[in-house]
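Listing of start.pdb, PDB, C-alpha atoms
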```pdb
ATOM      1  CA  MET Q   1     -76.867 -88.570  34.369
ATOM      2  CA  LYS Q   2     -75.828 -87.820  30.809
ATOM      3  CA  MET Q   3     -76.659 -84.144  31.303
ATOM      4  CA  LYS Q   4     -74.588 -84.030  34.492
ATOM      5  CA  THR Q   5     -71.601 -85.597  32.731
ATOM      6  CA  THR Q   6     -71.913 -83.092  29.882
ATOM      7  CA  PHE Q   7     -72.071 -80.221  32.391
ATOM      8  CA  VAL Q   8     -68.944 -81.462  34.182
ATOM      9  CA  CYS Q   9     -67.115 -81.787  30.864
ATOM     10  CA  LEU Q  10     -68.190 -78.250  29.936
ATOM     11  CA  ILE Q  11     -66.858 -76.867  33.220
ATOM     12  CA  ALA Q  12     -63.578 -78.728  32.703
ATOM     13  CA  PHE Q  13     -63.339 -77.342  29.153
ATOM     14  CA  VAL Q  14     -64.024 -73.775  30.291
ATOM     15  CA  SER Q  15     -61.472 -74.134  33.113
ATOM     16  CA  SER Q  16     -58.905 -75.440  30.656
ATOM     17  CA  VAL Q  17     -59.517 -72.572  28.237
ATOM     18  CA  THR Q  18     -59.340 -70.056  31.093
ATOM     19  CA  ALA Q  19     -56.070 -71.527  32.369
ATOM     20  CA  TYR Q  20     -54.645 -71.490  28.845
ATOM     21  CA  ALA Q  21     -55.696 -67.869  28.381
ATOM     22  CA  GLN Q  22     -54.152 -66.886  31.720
ATOM     23  CA  GLU Q  23     -50.924 -68.657  30.815
ATOM     24  CA  ALA Q  24     -50.886 -66.975  27.402
ATOM     25  CA  ASN Q  25     -51.501 -63.573  28.996
ATOM     26  CA  GLN Q  26     -48.694 -64.207  31.475
ATOM     27  CA  GLN Q  27     -46.335 -65.164  28.638
ATOM     28  CA  ASP Q  28     -47.321 -62.027  26.719
ATOM     29  CA  SER Q  29     -46.661 -59.965  29.825
ATOM     30  CA  ASP Q  30     -43.303 -61.661  30.448
ATOM     31  CA  TYR Q  31     -42.331 -61.138  26.807
ATOM     32  CA  TYR Q  32     -42.535 -57.348  27.206
ATOM     33  CA  LYS Q  33     -40.900 -57.158  30.648
ATOM     34  CA  VAL Q  34     -37.142 -56.582  30.564
ATOM     35  CA  SER Q  35     -34.287 -57.285  32.938
ATOM     36  CA  ASP Q  36     -31.570 -54.908  34.054
ATOM     37  CA  LEU Q  37     -28.873 -54.106  31.525
ATOM     38  CA  SER Q  38     -25.635 -56.057  31.546
ATOM     39  CA  VAL Q  39     -22.586 -53.919  30.650
ATOM     40  CA  GLN Q  40     -19.251 -55.688  30.105
ATOM     41  CA  GLU Q  41     -15.949 -54.632  28.589
ATOM     42  CA  VAL Q  42     -15.055 -56.749  25.561
ATOM     43  CA  VAL Q  43     -12.063 -57.065  23.241
ATOM     44  CA  PRO Q  44     -12.307 -54.514  20.402
ATOM     45  CA  THR Q  45     -12.293 -55.746  16.827
ATOM     46  CA  ALA Q  46      -9.808 -54.397  14.302
ATOM     47  CA  ALA Q  47     -12.566 -52.257  12.781
ATOM     48  CA  GLU Q  48     -13.478 -50.825  16.194
ATOM     49  CA  LEU Q  49      -9.877 -49.862  16.875
ATOM     50  CA  TYR Q  50      -9.744 -47.886  13.649
ATOM     51  CA  SER Q  51     -10.183 -44.146  14.088
ATOM     52  CA  ASP Q  52     -10.851 -41.641  11.342
ATOM     53  CA  PHE Q  53      -9.767 -38.673  13.452
ATOM     54  CA  LEU Q  54      -6.716 -36.716  12.298
ATOM     55  CA  VAL Q  55      -3.931 -36.913  14.871
ATOM     56  CA  PRO Q  56      -1.289 -34.144  14.609
ATOM     57  CA  THR Q  57       1.780 -35.485  16.419
ATOM     58  CA  GLU Q  58       4.002 -32.407  16.263
ATOM     59  CA  VAL Q  59       3.967 -30.008  19.210
ATOM     60  CA  ALA Q  60       2.136 -26.809  18.278
ATOM     61  CA  PRO Q  61       4.039 -23.562  18.915
ATOM     62  CA  PHE Q  62       2.474 -20.718  20.849
ATOM     63  CA  GLN Q  63       0.094 -18.720  18.716
ATOM     64  CA  PRO Q  64      -0.897 -15.084  19.336
ATOM     65  CA  GLU Q  65      -4.594 -15.891  19.749
ATOM     66  CA  ILE Q  66      -3.928 -18.338  22.582
ATOM     67  CA  GLN Q  67      -1.288 -16.449  24.555
ATOM     68  CA  ALA Q  68      -3.675 -15.784  27.480
ATOM     69  CA  ILE Q  69      -3.884 -19.367  28.723
ATOM     70  CA  ASP Q  70      -4.980 -20.227  32.240
ATOM     71  CA  TRP Q  71      -3.097 -23.486  32.814
ATOM     72  CA  ASN Q  72      -4.943 -24.130  36.052
ATOM     73  CA  ALA Q  73      -8.404 -24.067  34.432
ATOM     74  CA  VAL Q  74      -9.882 -26.504  31.928
ATOM     75  CA  VAL Q  75     -12.909 -26.091  29.683
ATOM     76  CA  LEU Q  76     -15.151 -28.476  27.774
ATOM     77  CA  LEU Q  77     -15.493 -27.901  24.048
ATOM     78  CA  GLY Q  78     -18.719 -29.488  22.846
ATOM     79  CA  GLU Q  79     -22.164 -30.346  24.119
ATOM     80  CA  LYS Q  80     -22.941 -31.434  27.652
ATOM     81  CA  LEU Q  81     -25.678 -33.822  26.519
ATOM     82  CA  ILE Q  82     -25.189 -35.926  23.377
ATOM     83  CA  ASP Q  83     -27.713 -38.325  21.838
ATOM     84  CA  ILE Q  84     -26.186 -41.590  20.596
ATOM     85  CA  ILE Q  85     -29.165 -43.866  19.846
ATOM     86  CA  LYS Q  86     -32.804 -42.847  19.493
ATOM     87  CA  ALA Q  87     -35.665 -45.301  18.993
ATOM     88  CA  GLY Q  88     -33.154 -48.067  18.352
ATOM     89  CA  LYS Q  89     -31.377 -46.149  15.563
ATOM     90  CA  PRO Q  90     -27.940 -44.470  15.707
ATOM     91  CA  VAL Q  91     -28.040 -40.678  15.667
ATOM     92  CA  VAL Q  92     -26.622 -39.600  12.307
ATOM     93  CA  ASN Q  93     -24.415 -36.789  13.605
ATOM     94  CA  VAL Q  94     -22.893 -38.744  16.498
ATOM     95  CA  ARG Q  95     -19.401 -38.655  14.970
ATOM     96  CA  ARG Q  96     -19.515 -34.869  14.883
ATOM     97  CA  ASP Q  97     -20.484 -34.664  18.542
ATOM     98  CA  ALA Q  98     -17.062 -35.475  20.002
ATOM     99  CA  VAL Q  99     -15.972 -33.306  22.928
ATOM    100  CA  SER Q 100     -12.548 -32.042  23.969
ATOM    101  CA  VAL Q 101     -11.023 -30.759  27.204
ATOM    102  CA  VAL Q 102      -8.434 -27.980  26.769
ATOM    103  CA  PRO Q 103      -6.898 -25.206  28.873
ATOM    104  CA  GLN Q 104      -8.936 -22.057  29.290
ATOM    105  CA  GLY Q 105      -7.961 -19.680  26.487
ATOM    106  CA  VAL Q 106      -7.776 -22.363  23.776
ATOM    107  CA  ASN Q 107     -10.667 -22.452  21.312
ATOM    108  CA  ALA Q 108     -10.014 -25.704  19.420
ATOM    109  CA  TRP Q 109      -8.266 -28.991  20.201
ATOM    110  CA  ASP Q 110      -5.992 -28.734  17.127
ATOM    111  CA  GLN Q 111      -4.390 -25.589  18.535
ATOM    112  CA  LEU Q 112      -2.534 -28.055  20.757
ATOM    113  CA  GLY Q 113       0.006 -30.614  19.568
ATOM    114  CA  GLY Q 114       1.700 -33.803  20.689
ATOM    115  CA  TRP Q 115      -1.505 -35.826  20.539
ATOM    116  CA  GLN Q 116      -1.358 -39.559  21.072
ATOM    117  CA  ALA Q 117      -3.369 -41.984  18.938
ATOM    118  CA  PRO Q 118      -6.822 -42.614  20.442
ATOM    119  CA  ASN Q 119      -7.216 -45.030  23.314
ATOM    120  CA  THR Q 120     -10.286 -47.190  22.730
ATOM    121  CA  LYS Q 121     -12.446 -49.458  24.844
ATOM    122  CA  VAL Q 122     -15.533 -51.370  23.735
ATOM    123  CA  TYR Q 123     -18.463 -52.391  25.914
ATOM    124  CA  SER Q 124     -21.155 -54.985  25.274
ATOM    125  CA  VAL Q 125     -24.597 -53.924  26.499
ATOM    126  CA  SER Q 126     -27.493 -56.387  26.629
ATOM    127  CA  ALA Q 127     -30.859 -57.004  28.239
ATOM    128  CA  LYS Q 128     -33.295 -59.933  28.159
ATOM    129  CA  ASN Q 129     -37.018 -60.227  28.677
ATOM    130  CA  TYR Q 130     -38.582 -62.453  31.340
ATOM    131  CA  LEU Q 131     -38.709 -65.344  28.860
ATOM    132  CA  GLY Q 132     -34.923 -65.260  28.513
ATOM    133  CA  ILE Q 133     -34.957 -63.766  25.013
ATOM    134  CA  THR Q 134     -32.323 -61.103  24.259
ATOM    135  CA  VAL Q 135     -34.166 -57.877  23.402
ATOM    136  CA  VAL Q 136     -31.240 -55.412  23.419
ATOM    137  CA  ASP Q 137     -27.740 -56.237  22.252
ATOM    138  CA  LEU Q 138     -25.254 -53.545  21.274
ATOM    139  CA  ARG Q 139     -21.577 -52.691  21.302
ATOM    140  CA  LEU Q 140     -20.427 -49.204  22.289
ATOM    141  CA  LYS Q 141     -16.996 -47.812  21.516
ATOM    142  CA  VAL Q 142     -15.481 -45.247  23.881
ATOM    143  CA  SER Q 143     -12.522 -43.460  22.317
ATOM    144  CA  ALA Q 144     -10.336 -40.478  23.244
ATOM    145  CA  MET Q 145      -7.191 -38.798  21.963
ATOM    146  CA  TYR Q 146      -4.954 -37.704  24.823
ATOM    147  CA  GLY Q 147      -1.681 -36.063  25.808
ATOM    148  CA  GLY Q 148      -2.020 -32.879  23.757
ATOM    149  CA  GLY Q 149      -0.312 -29.720  24.979
ATOM    150  CA  ILE Q 150       1.814 -26.755  23.965
ATOM    151  CA  ASN Q 151       5.607 -26.917  23.947
ATOM    152  CA  GLY Q 152       5.414 -30.111  25.989
ATOM    153  CA  LYS Q 153       3.228 -28.589  28.687
ATOM    154  CA  GLY Q 154      -0.118 -30.162  29.560
ATOM    155  CA  LYS Q 155      -1.928 -33.404  28.874
ATOM    156  CA  TYR Q 156      -5.358 -32.686  27.474
ATOM    157  CA  LEU Q 157      -8.191 -34.582  25.764
ATOM    158  CA  ALA Q 158      -9.617 -34.391  22.253
ATOM    159  CA  ASN Q 159     -12.335 -36.185  20.320
ATOM    160  CA  VAL Q 160     -13.791 -37.973  23.322
ATOM    161  CA  ILE Q 161     -16.650 -39.897  21.789
ATOM    162  CA  VAL Q 162     -19.044 -42.795  22.332
ATOM    163  CA  VAL Q 163     -20.315 -44.478  19.162
ATOM    164  CA  PRO Q 164     -22.365 -47.639  18.584
ATOM    165  CA  THR Q 165     -20.575 -50.213  16.427
ATOM    166  CA  SER Q 166     -23.505 -52.656  16.335
ATOM    167  CA  ILE Q 167     -27.147 -52.404  17.428
ATOM    168  CA  TYR Q 168     -29.819 -55.067  17.838
ATOM    169  CA  VAL Q 169     -33.240 -54.228  19.270
ATOM    170  CA  LEU Q 170     -35.970 -56.879  19.102
ATOM    171  CA  TRP Q 171     -39.222 -55.882  17.423
ATOM    172  CA  GLY Q 172     -41.665 -54.431  19.932
ATOM    173  CA  PHE Q 173     -38.906 -52.888  22.040
ATOM    174  CA  ASN Q 174     -37.218 -49.503  22.101
ATOM    175  CA  LEU Q 175     -33.794 -48.157  23.058
ATOM    176  CA  ASP Q 176     -32.430 -44.660  23.686
ATOM    177  CA  VAL Q 177     -28.804 -44.017  24.657
ATOM    178  CA  TRP Q 178     -27.162 -40.693  25.458
ATOM    179  CA  THR Q 179     -24.221 -39.269  27.373
ATOM    180  CA  GLU Q 180     -24.168 -36.485  29.930
ATOM    181  CA  ASN Q 181     -20.723 -34.924  30.283
ATOM    182  CA  ARG Q 182     -19.715 -33.553  33.667
ATOM    183  CA  ALA Q 183     -17.631 -30.458  34.312
ATOM    184  CA  PRO Q 184     -13.988 -31.183  33.372
ATOM    185  CA  VAL Q 185     -11.278 -31.076  36.030
ATOM    186  CA  ASN Q 186      -7.535 -30.497  36.249
ATOM    187  CA  LEU Q 187      -5.996 -33.615  37.795
ATOM    188  CA  GLY Q 188      -2.596 -31.924  38.002
ATOM    189  CA  ASN Q 189      -1.697 -28.318  38.705
ATOM    190  CA  ALA Q 190      -0.875 -25.101  36.830
ATOM    191  CA  ARG Q 191       2.716 -26.268  36.172
ATOM    192  CA  ALA Q 192       1.749 -29.764  35.004
ATOM    193  CA  PRO Q 193      -1.946 -29.763  34.056
ATOM    194  CA  VAL Q 194      -3.725 -33.044  33.294
ATOM    195  CA  ALA Q 195      -7.282 -32.948  31.985
ATOM    196  CA  GLY Q 196      -9.985 -35.231  33.353
ATOM    197  CA  LEU Q 197     -13.554 -35.748  32.190
ATOM    198  CA  GLY Q 198     -16.326 -37.811  33.719
ATOM    199  CA  PHE Q 199     -19.436 -38.700  31.793
ATOM    200  CA  ASP Q 200     -22.583 -40.716  32.402
ATOM    201  CA  LEU Q 201     -23.760 -43.152  29.766
ATOM    202  CA  ARG Q 202     -27.538 -43.323  30.152
ATOM    203  CA  PHE Q 203     -30.019 -45.866  28.794
ATOM    204  CA  ARG Q 204     -33.793 -45.894  28.411
ATOM    205  CA  TYR Q 205     -35.147 -49.179  27.088
ATOM    206  CA  GLY Q 206     -38.128 -51.488  27.180
ATOM    207  CA  SER Q 207     -41.548 -51.784  25.571
ATOM    208  CA  ALA Q 208     -44.877 -50.020  25.566
ATOM    209  CA  LEU Q 209     -45.746 -52.158  28.609
ATOM    210  CA  VAL Q 210     -42.656 -51.630  30.763
ATOM    211  CA  GLU Q 211     -39.808 -49.122  30.476
ATOM    212  CA  GLN Q 212     -36.488 -49.322  32.296
ATOM    213  CA  VAL Q 213     -33.663 -46.844  32.797
ATOM    214  CA  GLY Q 214     -29.997 -47.516  33.482
ATOM    215  CA  ALA Q 215     -26.693 -45.703  33.693
ATOM    216  CA  GLN Q 216     -22.964 -46.385  33.744
ATOM    217  CA  ASP Q 217     -20.289 -43.844  34.700
ATOM    218  CA  TYR Q 218     -16.918 -43.415  33.003
ATOM    219  CA  PHE Q 219     -13.846 -41.236  33.455
ATOM    220  CA  VAL Q 220     -11.137 -40.376  30.931
ATOM    221  CA  SER Q 221      -7.852 -38.576  31.632
ATOM    222  CA  GLY Q 222      -5.215 -36.724  29.656
ATOM    223  CA  THR Q 223      -2.830 -39.615  30.338
ATOM    224  CA  GLY Q 224      -4.997 -41.932  28.215
ATOM    225  CA  GLU Q 225      -6.886 -43.835  30.906
ATOM    226  CA  ILE Q 226     -10.523 -44.784  30.367
ATOM    227  CA  LYS Q 227     -12.079 -46.055  33.577
ATOM    228  CA  GLU Q 228     -15.465 -47.619  34.217
ATOM    229  CA  LEU Q 229     -16.621 -46.364  37.599
ATOM    230  CA  GLN Q 230     -18.404 -48.728  39.953
TER     231      GLN Q 230
END
```
File written out as structure tokens:
Amino acid sequence: MKMKTTFVCLIAFVSSVTAYAQEANQQDSDYYKVSDLSVQEVVPTAAELYSDFLVPTEVAPFQPEIQAIDWNAVVLLGEKLIDIIKAGKPVVNVRRDAVSVVPQGVNAWDQLGGWQAPNTKVYSVSAKNYLGITVVDLRLKVSAMYGGGINGKGKYLANVIVVPTSIYVLWGFNLDVWTENRAPVNLGNARAPVAGLGFDLRFRYGSALVEQVGAQDYFVSGTGEIKELQ
């Protein structure tokens, strides 16, 4: 009888240990699984509104090297794909990777004048694991100078940039963020050109166990609008 009782107690102990191990394994698994990203526009801080880009406000006169302008065509100056965050760290040259949209025949944004101070929006991006713990929490600043032209003609874009203003990635997790710029468009016409640029903000995040991808689309115009596309 004593041996039977001991055997029953042993089975109960083994079952308890097994259940505990299964629960622990499930918690470990849930720790490394991540939810979809949440992206929300937030109020910029004073520091985030600050821009270190030079803004020439005078209207630039025609210059010989840019006489052959096609006012109906727009071109992108800068890279199509730009890394912003890699392995949870900001890319060091991100501030040099701004892009501009100008009329065909112009080689640099500062050949145009009449620029308006940058319009800025800030977005909070976060993700949690299955235990409800925040594993990714960052703020991204989208900024663009707008309204540049020549002799009052045209509304173009300069120094369109996405920069992280704060980054938090929980240990054991990873985060990559980059933008993919689309082909620029003329929202107006040859007599009154207005530049437009769409870009995809792309995310790759997660752990060695589970990796997720996400994206959010944006559009900026030469009139200063920055839109988050649904």
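Going from CA of Gly198 (chain Q) to CA of Glu211 (chain Q) covers 26.3 Å.
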Checklist entry - How would you write, as a PyMOL selection string, the residues chosen by the PyMOL selection byres ((chain Q and resi 47) around 12) on this structure? => result chain Q and resi 43-46+48-52+120+122+141+165-166
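Atom pair CA of Pro193 (chain Q) / CA of Leu81 (chain Q) has a distance of 25.2 Å (rounded to one decimal).
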Checklist entry - Could you work out how far CA of Thr223 (chain Q) lies from CA of Asn119 (chain Q), giving the answer in Å with one decimal? => result 9.9 Å
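Comparing Q:Asp70, Q:Glu79, Q:Asp176, Q:Asp137 by their smallest distance to Leu37 (chain Q), the closest is Q:Asp137 (using all atoms listed in the file).
Matched in the shown structure by the PyMOL selection byres ((chain Q and resi 205) around 10): Val34, Asp36, Leu37, Ala87, Gly88, Ala127, Val135, Val136, Val169, Phe173, Asn174, Leu175, Asp176, Val177, Phe203, Arg204, Gly206, Ser207, Ala208, Val210, Glu211, Gln212, Val213 and Gly214 of chain Q.
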Next on the checklist: Please expand the PyMOL selection byres ((chain Q and resi 94-103) around 6) into the concrete residues it hits in this file, giving the result as an MDAnalysis selection string.
Outcome noted: chainID Q and resid 71 73:78 84 91:93 104 106 156:161
Item to check | Contacts of Leu229 (chain Q) within 8 Å, only C-alpha atoms, excl. fewer than 5 positions in-chain, as a list in words | outcome: Gln216, Asp217, Tyr218 and Phe219 of chain Q
Could you write those residues out with C-alpha atoms, as a PDB file, in the frame of the given file?
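What ended up in result.pdb:
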```
ATOM      1  CA  GLN Q 216     -22.964 -46.385  33.744  1.00  0.00           C
ATOM      2  CA  ASP Q 217     -20.289 -43.844  34.700  1.00  0.00           C
ATOM      3  CA  TYR Q 218     -16.918 -43.415  33.003  1.00  0.00           C
ATOM      4  CA  PHE Q 219     -13.846 -41.236  33.455  1.00  0.00           C
TER       5      PHE Q 219
END
```
Checklist entry - Quick one: of Q:Gly114, Q:Ser29, Q:Gly152, Q:Ile167, who's nearest to Ala192 (chain Q), counting only C-alpha atoms? => result Q:Gly152
Take every atom of region 82-92 of chain Q listed in the file, pad by 6 Å on each side, and give me the axis-aligned box centre and edge lengths in Å, one decimal, as lines of an AutoDock Vina configuration file.
```
center_x = -30.4
center_y = -42.0
center_z = 17.8
size_x = 22.5
size_y = 24.1
size_z = 23.1
```
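Proximity ranking of Q:Ile85, Q:Leu209, Q:Val220, Q:Val125 relative to Gly196 (chain Q) places Q:Val220 first, based on only C-alpha atoms.
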Checklist entry - Smallest atom-to-atom distance to Lys121 (chain Q): which of Q:Val162, Q:Leu138, Q:Ile150, Q:Leu187, using all atoms listed in the file? => result Q:Val162
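Remark: for Tyr130 (chain Q), the closest of the candidate residues Q:Asp30, Q:Gly147, Q:Gly188, Q:Ala183 is Q:Asp30 (distances computed over only C-alpha atoms).
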Checklist entry - Which is closest to Pro184 (chain Q) among Q:Trp171, Q:Met145, Q:Phe199, Q:Asn151, if we use only C-alpha atoms? => result Q:Phe199
